[in-house]
$ cat input_34.cif   # mmCIF, C-alpha atoms
data_entry
loop_
_atom_site.label_atom_id
_atom_site.label_comp_id
_atom_site.auth_asym_id
_atom_site.auth_seq_id
_atom_site.Cartn_x
_atom_site.Cartn_y
_atom_site.Cartn_z
CA MET N 393 40.15 298.74 16.18
CA PRO N 394 39.42 302.41 17.01
CA HIS N 395 42.06 304.97 16.19
CA ALA N 396 43.18 307.55 18.71
CA GLU N 397 42.09 311.11 17.91
CA PRO N 398 44.94 313.47 16.99
CA MET N 399 46.06 315.87 19.69
CA SER N 400 45.36 319.55 19.14
CA LYS N 401 48.96 320.65 19.58
CA THR N 402 52.37 319.26 20.45
CA PRO N 403 53.26 319.83 24.13
CA ALA N 404 56.74 321.00 25.02
CA ARG N 405 59.18 318.08 25.25
CA PRO N 406 62.34 317.83 27.32
CA ALA N 407 65.19 318.47 24.85
CA PRO N 408 66.54 314.87 24.92
CA LEU N 409 63.05 313.63 23.93
CA ALA N 410 62.13 316.27 21.35
CA TRP N 411 63.12 313.85 18.55
CA VAL N 412 59.76 312.08 18.90
CA ASP N 413 57.95 314.89 17.08
CA ARG N 414 60.23 314.43 14.05
CA ALA N 415 60.74 310.66 14.02
CA PRO N 416 58.44 308.61 16.30
CA PHE N 417 60.63 305.54 16.76
CA TYR N 418 63.83 304.59 18.54
CA GLN N 419 66.20 301.70 19.20
CA ALA N 420 65.29 299.76 22.33
CA GLY N 421 67.68 298.44 24.92
CA LEU N 422 68.48 294.86 23.91
CA ALA N 423 70.29 292.53 26.29
CA GLY N 424 73.50 291.28 24.69
CA TYR N 425 73.10 293.43 21.58
CA SER N 426 72.57 297.17 21.97
CA ASP N 427 76.14 298.20 22.77
CA ALA N 428 77.75 301.37 21.46
CA PRO N 429 78.68 299.91 18.03
CA MET N 430 75.11 298.82 17.33
CA ARG N 431 73.75 302.16 18.49
CA LEU N 432 76.18 304.17 16.38
CA ILE N 433 75.36 302.16 13.27
CA ALA N 434 71.64 302.69 13.93
CA ARG N 435 72.17 306.45 14.29
CA GLN N 436 73.99 306.54 10.95
CA HIS N 437 70.81 305.13 9.39
CA GLY N 438 68.32 307.57 10.85
CA CYS N 439 67.68 306.34 14.39
CA PRO N 440 67.06 309.48 16.48
CA TYR N 441 67.43 308.01 19.98
CA CYS N 442 68.80 304.90 21.67
CA VAL N 443 68.50 303.11 24.99
CA THR N 444 71.29 301.02 26.47
CA GLU N 445 70.77 297.43 27.50
CA ALA N 446 69.83 297.18 31.16
CA MET N 447 72.73 297.89 33.51
CA LEU N 448 72.72 296.54 37.05
CA ASP N 449 72.95 299.36 39.55
CA ARG N 450 75.52 297.67 41.78
CA PHE N 451 77.91 297.16 38.86
CA LEU N 452 77.84 300.89 38.13
CA VAL N 453 78.24 301.91 41.74
CA GLY N 454 81.03 299.38 42.29
CA GLY N 455 83.12 300.87 39.48
CA GLY N 456 85.56 298.79 37.47
CA LYS N 457 84.37 296.92 34.38
CA GLY N 458 80.69 297.81 34.81
CA LEU N 459 81.49 301.51 34.97
CA ARG N 460 83.88 301.41 32.00
CA LYS N 461 81.26 299.62 29.92
CA ALA N 462 78.83 302.48 30.58
CA GLU N 463 81.13 305.20 29.24
CA LEU N 464 79.75 307.05 26.23
CA ASP N 465 80.99 307.97 22.77
CA ASP N 466 80.55 311.67 21.95
CA ALA N 467 78.40 310.73 18.93
CA ASP N 468 76.07 308.53 20.98
CA HIS N 469 73.43 311.12 21.91
CA PRO N 470 70.64 311.57 22.80
CA ILE N 471 70.69 308.41 24.86
CA ALA N 472 68.95 306.84 27.84
CA GLY N 473 70.90 304.76 30.31
CA GLN N 474 68.65 301.92 31.44
CA LEU N 475 68.96 300.76 35.04
CA MET N 476 67.81 297.58 36.73
CA GLY N 477 68.01 296.73 40.40
CA SER N 478 66.17 295.68 43.53
CA HIS N 479 66.90 298.27 46.21
CA PRO N 480 65.84 301.95 46.06
CA ASP N 481 69.09 303.33 47.50
CA GLU N 482 71.27 301.29 45.14
CA ILE N 483 69.31 302.12 42.00
CA ALA N 484 69.26 305.80 42.99
CA ALA N 485 73.05 305.69 43.36
CA GLY N 486 73.30 304.05 39.95
CA ALA N 487 71.16 306.82 38.47
CA ARG N 488 73.54 309.44 39.87
CA VAL N 489 76.44 307.63 38.19
CA LEU N 490 74.66 307.74 34.82
CA VAL N 491 74.05 311.48 35.16
CA LYS N 492 77.75 312.04 35.90
CA LEU N 493 78.65 309.98 32.82
CA GLY N 494 76.58 312.29 30.65
CA TYR N 495 73.45 310.26 29.91
CA ASP N 496 70.61 312.42 28.63
CA VAL N 497 67.82 310.33 30.17
CA VAL N 498 67.69 307.76 32.99
CA ASP N 499 65.37 304.85 32.23
CA ILE N 500 64.16 302.37 34.87
CA ASN N 501 63.63 298.80 33.70
CA LEU N 502 60.43 297.26 35.06
CA ALA N 503 60.06 294.95 32.09
CA CYS N 504 62.88 292.43 31.75
CA PRO N 505 61.59 288.90 32.56
CA VAL N 506 64.76 287.87 34.40
CA LYS N 507 64.62 285.38 37.24
CA LYS N 508 64.52 286.59 40.80
CA ILE N 509 67.89 286.78 42.53
CA LYS N 510 67.99 285.60 46.14
CA LYS N 511 64.25 286.23 46.50
CA LYS N 512 64.66 289.84 45.39
CA SER N 513 62.57 291.19 42.53
CA ARG N 514 64.06 293.23 39.71
CA GLY N 515 63.12 294.13 36.17
CA GLY N 516 59.65 292.92 35.26
CA HIS N 517 59.27 290.96 38.47
CA LEU N 518 58.84 294.27 40.29
CA LEU N 519 55.44 294.54 38.62
CA SER N 520 54.30 291.80 41.03
CA ALA N 521 55.67 293.86 43.95
CA PRO N 522 54.18 297.31 43.29
CA ASP N 523 55.20 298.80 46.63
CA GLU N 524 58.84 297.95 45.87
CA ALA N 525 58.56 299.27 42.32
CA ILE N 526 57.06 302.54 43.55
CA ALA N 527 59.76 302.94 46.19
CA ILE N 528 62.37 302.67 43.42
CA LEU N 529 60.54 305.23 41.29
CA TYR N 530 60.48 307.67 44.22
CA ALA N 531 64.16 307.10 45.02
CA VAL N 532 65.31 307.80 41.46
CA ALA N 533 63.08 310.88 41.17
CA ASP N 534 64.49 312.24 44.42
CA ALA N 535 68.08 311.47 43.36
CA VAL N 536 68.23 312.86 39.81
CA GLY N 537 64.77 313.96 38.72
CA GLY N 538 65.81 317.59 38.57
CA ASP N 539 68.94 316.90 36.54
CA VAL N 540 67.73 314.80 33.57
CA PRO N 541 64.38 313.53 32.29
CA LEU N 542 63.31 310.16 33.64
CA SER N 543 61.53 307.34 31.86
CA VAL N 544 60.45 303.79 32.61
CA LYS N 545 60.08 300.56 30.62
CA LEU N 546 57.23 298.27 31.69
CA ARG N 547 55.33 295.24 30.51
CA ARG N 548 51.54 295.32 30.60
CA GLY N 549 51.54 293.33 33.81
CA TYR N 550 53.19 290.45 35.59
CA ASP N 551 50.54 288.05 34.26
CA ASP N 552 47.00 288.21 32.87
CA SER N 553 45.22 288.46 36.21
CA PRO N 554 43.02 291.46 37.13
CA GLN N 555 45.35 292.13 40.07
CA ALA N 556 48.34 292.36 37.76
CA GLU N 557 46.54 294.87 35.56
CA ALA N 558 45.57 296.93 38.61
CA ASP N 559 49.19 296.88 39.80
CA PHE N 560 50.36 298.02 36.36
CA HIS N 561 48.03 301.03 36.40
CA ARG N 562 48.98 301.90 39.96
CA ILE N 563 52.66 301.93 38.98
CA LEU N 564 52.12 303.87 35.76
CA GLN N 565 50.01 306.49 37.51
CA THR N 566 52.84 306.92 40.02
CA VAL N 567 55.27 307.39 37.12
CA ILE N 568 53.06 310.21 35.83
CA ASP N 569 52.49 311.78 39.25
CA LEU N 570 56.24 311.85 39.97
CA GLY N 571 56.93 313.83 36.83
CA TYR N 572 58.63 311.14 34.75
CA ALA N 573 58.81 312.27 31.13
CA ALA N 574 57.96 309.01 29.39
CA ALA N 575 57.06 305.35 29.64
CA THR N 576 57.44 302.52 27.16
CA VAL N 577 54.99 299.66 27.55
CA HIS N 578 55.60 296.22 26.07
CA GLY N 579 52.42 294.43 25.04
CA ARG N 580 53.34 291.11 26.67
CA THR N 581 53.26 290.12 30.33
CA VAL N 582 56.35 289.15 32.29
CA GLN N 583 55.23 285.53 32.40
CA GLN N 584 54.83 285.50 28.62
CA LYS N 585 58.46 286.49 28.18
CA TYR N 586 58.71 286.59 24.36
CA ILE N 587 56.11 283.90 23.59
CA GLY N 588 52.86 284.70 21.85
CA PRO N 589 51.67 287.97 20.34
CA ALA N 590 52.03 291.33 22.02
CA ARG N 591 48.62 292.72 22.93
CA TRP N 592 48.30 295.95 21.00
CA PRO N 593 44.65 296.49 22.10
CA PHE N 594 45.99 296.90 25.64
CA LEU N 595 48.22 299.71 24.39
CA ALA N 596 45.21 301.38 22.74
CA GLU N 597 43.23 301.14 25.98
CA MET N 598 46.21 302.62 27.84
CA THR N 599 46.50 305.68 25.59
CA ARG N 600 42.78 306.37 26.01
CA ARG N 601 43.02 306.04 29.78
CA TYR N 602 46.02 308.37 30.05
CA ARG N 603 44.97 310.80 27.33
CA ASP N 604 45.00 313.80 29.68
CA ALA N 605 48.56 313.09 30.81
CA MET N 606 49.63 312.67 27.19
CA GLN N 607 48.10 316.02 26.28
CA ARG N 608 50.06 317.61 29.11
CA GLY N 609 53.32 316.28 27.65
CA PHE N 610 53.77 312.80 29.11
CA LEU N 611 55.08 310.47 26.40
CA LEU N 612 53.75 306.95 25.96
CA PHE N 613 55.65 304.58 23.67
CA GLY N 614 54.70 301.10 22.54
CA SER N 615 56.77 297.94 22.20
CA GLY N 616 56.28 294.41 20.95
CA ASP N 617 56.06 292.67 17.55
CA ILE N 618 57.84 295.42 15.61
CA GLU N 619 59.37 293.31 12.88
CA ASN N 620 59.51 295.69 9.91
CA VAL N 621 59.01 299.32 8.98
CA GLU N 622 55.28 298.94 8.31
CA SER N 623 54.65 297.59 11.82
CA ILE N 624 56.10 300.79 13.31
CA PHE N 625 53.42 302.95 11.73
CA ARG N 626 50.70 300.33 12.14
CA MET N 627 51.27 300.35 15.92
CA ILE N 628 51.05 304.14 16.05
CA GLU N 629 47.85 304.14 13.99
CA GLN N 630 46.17 301.32 15.91
CA THR N 631 47.17 302.27 19.45
CA GLY N 632 47.70 306.05 19.57
CA VAL N 633 51.15 305.82 21.17
CA HIS N 634 53.52 308.74 20.61
CA GLY N 635 56.20 306.47 19.20
CA VAL N 636 57.55 302.96 18.93
CA SER N 637 60.42 301.11 20.55
CA VAL N 638 62.11 298.99 17.87
CA ALA N 639 63.71 295.94 19.48
CA ARG N 640 64.38 292.60 17.81
CA GLY N 641 63.32 294.02 14.45
CA CYS N 642 66.44 296.18 14.30
CA ILE N 643 69.05 293.53 15.16
CA GLY N 644 71.13 293.18 12.03
CA ASN N 645 68.75 295.61 10.36
CA PRO N 646 69.71 299.26 10.89
CA TRP N 647 67.99 299.96 7.57
CA ILE N 648 64.63 299.79 9.33
CA PHE N 649 65.31 303.32 10.59
CA ARG N 650 66.28 304.61 7.16
CA GLN N 651 63.16 303.00 5.72
CA ALA N 652 60.99 304.63 8.39
CA GLN N 653 62.48 308.01 7.53
CA GLN N 654 61.86 307.31 3.84
CA ARG N 655 58.25 306.37 4.52
CA MET N 656 57.62 309.59 6.44
CA GLY N 657 59.16 311.58 3.60
CA GLY N 658 56.97 309.93 1.00
CA GLN N 659 59.98 308.30 -0.64
CA PRO N 660 60.22 304.73 -1.95
CA ILE N 661 61.33 302.31 0.74
CA ALA N 662 64.66 300.93 -0.40
CA PRO N 663 66.13 297.63 0.82
CA PRO N 664 69.90 297.60 1.28
CA THR N 665 72.10 296.72 -1.66
CA LEU N 666 74.83 294.12 -1.20
CA ASP N 667 77.35 296.95 -1.31
CA GLU N 668 75.50 298.79 1.48
CA GLN N 669 75.35 295.60 3.51
CA ARG N 670 79.08 295.10 3.06
CA ARG N 671 79.94 298.60 4.23
CA VAL N 672 77.73 298.35 7.30
CA LEU N 673 79.02 294.91 8.26
CA ALA N 674 82.62 296.09 7.98
CA ALA N 675 81.95 299.28 9.92
CA HIS N 676 80.04 297.45 12.65
CA PHE N 677 82.84 294.94 13.16
CA GLU N 678 85.52 297.64 13.28
CA LEU N 679 83.51 299.63 15.83
CA SER N 680 83.11 296.46 17.88
CA VAL N 681 86.86 295.80 17.76
CA ARG N 682 87.51 299.34 18.95
CA GLN N 683 85.04 298.91 21.79
CA HIS N 684 85.73 295.33 22.90
CA GLY N 685 88.98 294.14 21.37
CA GLU N 686 89.26 291.68 18.49
CA ALA N 687 88.64 288.46 20.44
CA LEU N 688 85.42 289.58 22.12
CA ALA N 689 84.25 291.41 18.98
CA GLY N 690 84.66 288.18 17.00
CA ARG N 691 82.39 286.33 19.41
CA MET N 692 79.82 289.11 19.58
CA MET N 693 79.64 289.70 15.85
CA ARG N 694 78.84 286.07 15.08
CA LYS N 695 75.32 286.58 16.45
CA PHE N 696 74.99 289.88 14.59
CA GLY N 697 76.15 288.21 11.37
CA ILE N 698 73.34 285.66 11.60
CA LYS N 699 70.81 288.49 11.74
CA PHE N 700 72.47 290.52 8.98
CA ALA N 701 72.47 287.43 6.77
CA ARG N 702 68.67 287.56 6.51
CA HIS N 703 69.06 290.30 3.90
CA HIS N 704 71.19 288.09 1.63
CA ASP N 705 69.69 285.82 -1.03
CA ARG N 706 71.92 282.99 0.31
CA ALA N 707 70.89 283.65 3.89
CA GLU N 708 71.44 280.18 5.39
CA GLU N 709 74.87 279.76 3.80
CA VAL N 710 75.98 283.24 4.83
CA ALA N 711 74.74 282.75 8.41
CA LYS N 712 76.82 279.59 8.73
CA ALA N 713 79.86 281.46 7.46
CA PHE N 714 79.37 284.19 10.06
CA ILE N 715 79.02 281.61 12.85
CA ALA N 716 82.57 280.46 12.06
CA VAL N 717 84.04 283.98 12.35
CA LYS N 718 86.68 284.37 15.08
CA SER N 719 88.75 287.35 13.96
CA LEU N 720 88.72 290.49 11.86
CA GLY N 721 90.44 288.52 9.13
CA ASP N 722 87.68 285.89 9.16
CA TRP N 723 85.09 288.66 9.02
CA ARG N 724 86.71 290.27 6.00
CA ASP N 725 86.95 286.88 4.31
CA VAL N 726 83.19 286.35 4.66
CA LEU N 727 82.58 289.83 3.26
CA GLY N 728 84.86 289.14 0.33
CA ARG N 729 83.11 285.86 -0.50
CA TYR N 730 79.49 286.90 -0.09
CA TYR N 731 79.46 290.69 -0.40
CA PRO N 732 81.58 291.60 -3.43
CA SER N 733 82.70 295.22 -3.44
CA GLY N 734 80.77 297.45 -5.83
CA GLN N 735 77.79 295.08 -6.13
CA ARG N 736 74.71 297.29 -6.52
CA SER N 737 71.94 294.76 -7.08
CA ARG N 738 69.16 294.58 -4.50
CA VAL N 739 68.60 291.34 -2.64
#
$ encode --input "input_34.cif" --output "structure tokens"
Amino acid sequence: MPHAEPMSKTPARPAPLAWVDRAPFYQAGLAGYSDAPMRLIARQHGCPYCVTEAMLDRFLVGGGKGLRKAELDDADHPIAGQLMGSHPDEIAAGARVLVKLGYDVVDINLACPVKKIKKKSRGGHLLSAPDEAIAILYAVADAVGGDVPLSVKLRRGYDDSPQAEADFHRILQTVIDLGYAAATVHGRTVQQKYIGPARWPFLAEMTRRYRDAMQRGFLLFGSGDIENVESIFRMIEQTGVHGVSVARGCIGNPWIFRQAQQRMGGQPIAPPTLDEQRRVLAAHFELSVRQHGEALAGRMMRKFGIKFARHHDRAEEVAKAFIAVKSLGDWRDVLGRYYPSGQRSRV
């Protein structure tokens, strides 16, 4: 596969996106996972930038629980608040809320393969309704485009039809023309959901097509099939994207960011010791308790525990133990049994 030619110089970046020139990867927004505790743990391990899971515009505008959930920790920057909705006025209002809450970037989700709600398109389904998607892009740019940088998350099309590809390019060109700072493109279609391989050659074709915009400072990121640290740099090399959105590959694996930093620094890539795993698991649970309360944290951390267990040499047994966790006491008991304090051996 042809490699993209290096650019002659680095264009000026908006401050919240300048990290890409130092560390070309970030934590994606992950439905049901990428809350503040997960983001903070990732940052502690070298993640330079995070995106929230998609927030529905009407929940933000309506206040209450949705608004409280969107509040930020002082250490959780730079960060993009990701919005999803169906109506231009509502999503623009939601964008204004995110700016008031202190988000550094507003990101529009045109990628999530959620079902349509009452015949209204949102997320990735808007790729099959390009006029509606473009109206939303205009509304958000008019509402907050002068206050914070804007970005968008897309899939490579609604399906594999020529019309879907044409609609994708029409939408992405509008993103560029409106002055959005960045776009992340997932290499699967909406209809694929998460089945089958992400099409990296499409990403390579995209960076060639939009090379002029990239040279002027527009950032293009890639997404899809990033499972380990080597795949981060393989995607950059094979496609020419500025950076990589790390999604499922970082669930229960904040060390992927540390390993990426180590690789860039020419250092040996070190897997986490049992002691390091123990400390991170304990810290993640305590952050989750602080954010959600012990009952909800217990339920949420069960699914994280399953992912963290992959690093253990008794992965299946440890995963089952985490599934049974219901409280902070249960969590500490699992740590005591499977992650003995002071254990330095690699697994």
$ atom_distance --input "input_34.cif" --atom1 "atom CA of Lys699 of chain N" --atom2 "atom CA of Val621 of chain N"
16.3 Å
$ atom_distance --input "input_34.cif" --atom1 "atom CA of Ala462 of chain N" --atom2 "atom CA of Arg548 of chain N"
28.2 Å
$ atom_distance --input "input_34.cif" --atom1 "atom CA of Ser637 of chain N" --atom2 "atom CA of Ile618 of chain N"
8.0 Å
$ closest_residue --input "input_34.cif" --among "N:Asp617, N:Val636, N:Glu463, N:Pro408" --to "Gly494 of chain N" --atoms "all atoms listed in the file"
N:Glu463
$ closest_residue --input "input_34.cif" --among "N:Ser719, N:Asn501, N:Ser520, N:Asn645" --to "Gln583 of chain N" --atoms "all atoms listed in the file"
N:Ser520
$ resolve_selection --input "input_34.cif" --expression "the PyMOL selection byres ((chain N and resi 504-507) around 12)" --output "VMD selection string"
chain N and resid 421 to 423 445 to 448 474 to 477 500 to 503 508 to 520 544 to 551 577 to 578 580 to 587
$ closest_residue --input "input_34.cif" --among "N:Pro406, N:His704, N:Ser733, N:Ala420" --to "Ser615 of chain N" --atoms "all atoms listed in the file"
N:Ala420
$ residues_around --input "input_34.cif" --residues "Arg729 of chain N" --least-positions-apart "4" --cutoff "12 Å" --atoms "only C-alpha atoms" --output "PyMOL selection string"
chain N and resi 666+670+706+709-710+713-714+722-725+733
$ resolve_selection --input "input_34.cif" --expression "the PyMOL selection byres ((chain N and resi 425) around 10)" --output "MDAnalysis selection string"
chainID N and resid 421:424 426:431 444:445 639:640 643:644 692:693 695:696
$ residues_around --input "input_34.cif" --residues "Gln419 of chain N" --least-positions-apart "3" --cutoff "8 Å" --atoms "all atoms listed in the file" --output "number ranges by chain"
N: 431, 434, 439, 441-443, 637-639, 642
$ closest_residue --input "input_34.cif" --among "N:Ala574, N:Phe417, N:Arg600, N:Pro664" --to "Ile628 of chain N" --atoms "all atoms listed in the file"
N:Phe417
$ build_atoms --input "input_34.cif" --residues "segment 403-431 of chain N" --atoms "N, CA and C atoms" --output "PDB file, in the coordinates of the input"
ATOM      1  N   PRO N 403      52.756 319.244  22.876  1.00  0.00           N
ATOM      2  CA  PRO N 403      53.260 319.830  24.130  1.00  0.00           C
ATOM      3  C   PRO N 403      54.771 319.983  24.079  1.00  0.00           C
ATOM      4  N   ALA N 404      55.295 320.831  24.937  1.00  0.00           N
ATOM      5  CA  ALA N 404      56.740 321.000  25.020  1.00  0.00           C
ATOM      6  C   ALA N 404      57.371 319.699  25.505  1.00  0.00           C
ATOM      7  N   ARG N 405      58.467 319.304  24.865  1.00  0.00           N
ATOM      8  CA  ARG N 405      59.180 318.080  25.250  1.00  0.00           C
ATOM      9  C   ARG N 405      60.502 318.459  25.924  1.00  0.00           C
ATOM     10  N   PRO N 406      60.958 317.658  26.875  1.00  0.00           N
ATOM     11  CA  PRO N 406      62.340 317.830  27.320  1.00  0.00           C
ATOM     12  C   PRO N 406      63.272 317.663  26.124  1.00  0.00           C
ATOM     13  N   ALA N 407      64.316 318.470  26.037  1.00  0.00           N
ATOM     14  CA  ALA N 407      65.190 318.470  24.850  1.00  0.00           C
ATOM     15  C   ALA N 407      65.650 317.073  24.439  1.00  0.00           C
ATOM     16  N   PRO N 408      66.076 316.201  25.365  1.00  0.00           N
ATOM     17  CA  PRO N 408      66.540 314.870  24.920  1.00  0.00           C
ATOM     18  C   PRO N 408      65.441 313.997  24.326  1.00  0.00           C
ATOM     19  N   LEU N 409      64.169 314.422  24.463  1.00  0.00           N
ATOM     20  CA  LEU N 409      63.050 313.630  23.930  1.00  0.00           C
ATOM     21  C   LEU N 409      62.299 314.349  22.818  1.00  0.00           C
ATOM     22  N   ALA N 410      62.813 315.497  22.385  1.00  0.00           N
ATOM     23  CA  ALA N 410      62.130 316.270  21.350  1.00  0.00           C
ATOM     24  C   ALA N 410      62.146 315.567  20.003  1.00  0.00           C
ATOM     25  N   TRP N 411      63.039 314.594  19.811  1.00  0.00           N
ATOM     26  CA  TRP N 411      63.120 313.850  18.550  1.00  0.00           C
ATOM     27  C   TRP N 411      61.800 313.186  18.186  1.00  0.00           C
ATOM     28  N   VAL N 412      60.967 312.863  19.173  1.00  0.00           N
ATOM     29  CA  VAL N 412      59.760 312.080  18.900  1.00  0.00           C
ATOM     30  C   VAL N 412      58.810 312.815  17.961  1.00  0.00           C
ATOM     31  N   ASP N 413      58.842 314.137  17.959  1.00  0.00           N
ATOM     32  CA  ASP N 413      57.950 314.890  17.080  1.00  0.00           C
ATOM     33  C   ASP N 413      58.432 314.896  15.642  1.00  0.00           C
ATOM     34  N   ARG N 414      59.684 314.493  15.401  1.00  0.00           N
ATOM     35  CA  ARG N 414      60.230 314.430  14.050  1.00  0.00           C
ATOM     36  C   ARG N 414      60.303 312.991  13.531  1.00  0.00           C
ATOM     37  N   ALA N 415      60.546 312.055  14.429  1.00  0.00           N
ATOM     38  CA  ALA N 415      60.740 310.660  14.020  1.00  0.00           C
ATOM     39  C   ALA N 415      60.278 309.763  15.171  1.00  0.00           C
ATOM     40  N   PRO N 416      59.041 309.292  15.146  1.00  0.00           N
ATOM     41  CA  PRO N 416      58.440 308.610  16.300  1.00  0.00           C
ATOM     42  C   PRO N 416      58.840 307.143  16.445  1.00  0.00           C
ATOM     43  N   PHE N 417      60.131 306.898  16.561  1.00  0.00           N
ATOM     44  CA  PHE N 417      60.630 305.540  16.760  1.00  0.00           C
ATOM     45  C   PHE N 417      62.038 305.637  17.310  1.00  0.00           C
ATOM     46  N   TYR N 418      62.482 304.583  17.992  1.00  0.00           N
ATOM     47  CA  TYR N 418      63.830 304.590  18.540  1.00  0.00           C
ATOM     48  C   TYR N 418      64.314 303.160  18.737  1.00  0.00           C
ATOM     49  N   GLN N 419      65.624 303.023  18.960  1.00  0.00           N
ATOM     50  CA  GLN N 419      66.200 301.700  19.200  1.00  0.00           C
ATOM     51  C   GLN N 419      66.087 301.349  20.678  1.00  0.00           C
ATOM     52  N   ALA N 420      65.477 300.225  20.961  1.00  0.00           N
ATOM     53  CA  ALA N 420      65.290 299.760  22.330  1.00  0.00           C
ATOM     54  C   ALA N 420      66.596 299.273  22.936  1.00  0.00           C
ATOM     55  N   GLY N 421      66.592 299.141  24.256  1.00  0.00           N
ATOM     56  CA  GLY N 421      67.680 298.440  24.920  1.00  0.00           C
ATOM     57  C   GLY N 421      67.511 296.952  24.733  1.00  0.00           C
ATOM     58  N   LEU N 422      68.558 296.283  24.260  1.00  0.00           N
ATOM     59  CA  LEU N 422      68.480 294.860  23.910  1.00  0.00           C
ATOM     60  C   LEU N 422      69.617 294.118  24.601  1.00  0.00           C
ATOM     61  N   ALA N 423      69.281 293.257  25.531  1.00  0.00           N
ATOM     62  CA  ALA N 423      70.290 292.530  26.290  1.00  0.00           C
ATOM     63  C   ALA N 423      71.205 291.748  25.358  1.00  0.00           C
ATOM     64  N   GLY N 424      72.508 291.986  25.482  1.00  0.00           N
ATOM     65  CA  GLY N 424      73.500 291.280  24.690  1.00  0.00           C
ATOM     66  C   GLY N 424      73.698 291.821  23.295  1.00  0.00           C
ATOM     67  N   TYR N 425      72.979 292.891  22.935  1.00  0.00           N
ATOM     68  CA  TYR N 425      73.100 293.430  21.580  1.00  0.00           C
ATOM     69  C   TYR N 425      73.383 294.933  21.552  1.00  0.00           C
ATOM     70  N   SER N 426      72.574 295.732  22.219  1.00  0.00           N
ATOM     71  CA  SER N 426      72.570 297.170  21.970  1.00  0.00           C
ATOM     72  C   SER N 426      73.730 297.903  22.651  1.00  0.00           C
ATOM     73  N   ASP N 427      74.948 297.502  22.285  1.00  0.00           N
ATOM     74  CA  ASP N 427      76.140 298.200  22.770  1.00  0.00           C
ATOM     75  C   ASP N 427      76.385 299.422  21.897  1.00  0.00           C
ATOM     76  N   ALA N 428      77.462 300.144  22.197  1.00  0.00           N
ATOM     77  CA  ALA N 428      77.750 301.370  21.460  1.00  0.00           C
ATOM     78  C   ALA N 428      77.893 301.148  19.959  1.00  0.00           C
ATOM     79  N   PRO N 429      78.593 300.101  19.483  1.00  0.00           N
ATOM     80  CA  PRO N 429      78.680 299.910  18.030  1.00  0.00           C
ATOM     81  C   PRO N 429      77.325 299.757  17.357  1.00  0.00           C
ATOM     82  N   MET N 430      76.430 298.969  17.938  1.00  0.00           N
ATOM     83  CA  MET N 430      75.110 298.820  17.330  1.00  0.00           C
ATOM     84  C   MET N 430      74.358 300.139  17.323  1.00  0.00           C
ATOM     85  N   ARG N 431      74.461 300.880  18.417  1.00  0.00           N
ATOM     86  CA  ARG N 431      73.750 302.160  18.490  1.00  0.00           C
ATOM     87  C   ARG N 431      74.289 303.149  17.469  1.00  0.00           C
TER      88      ARG N 431
END
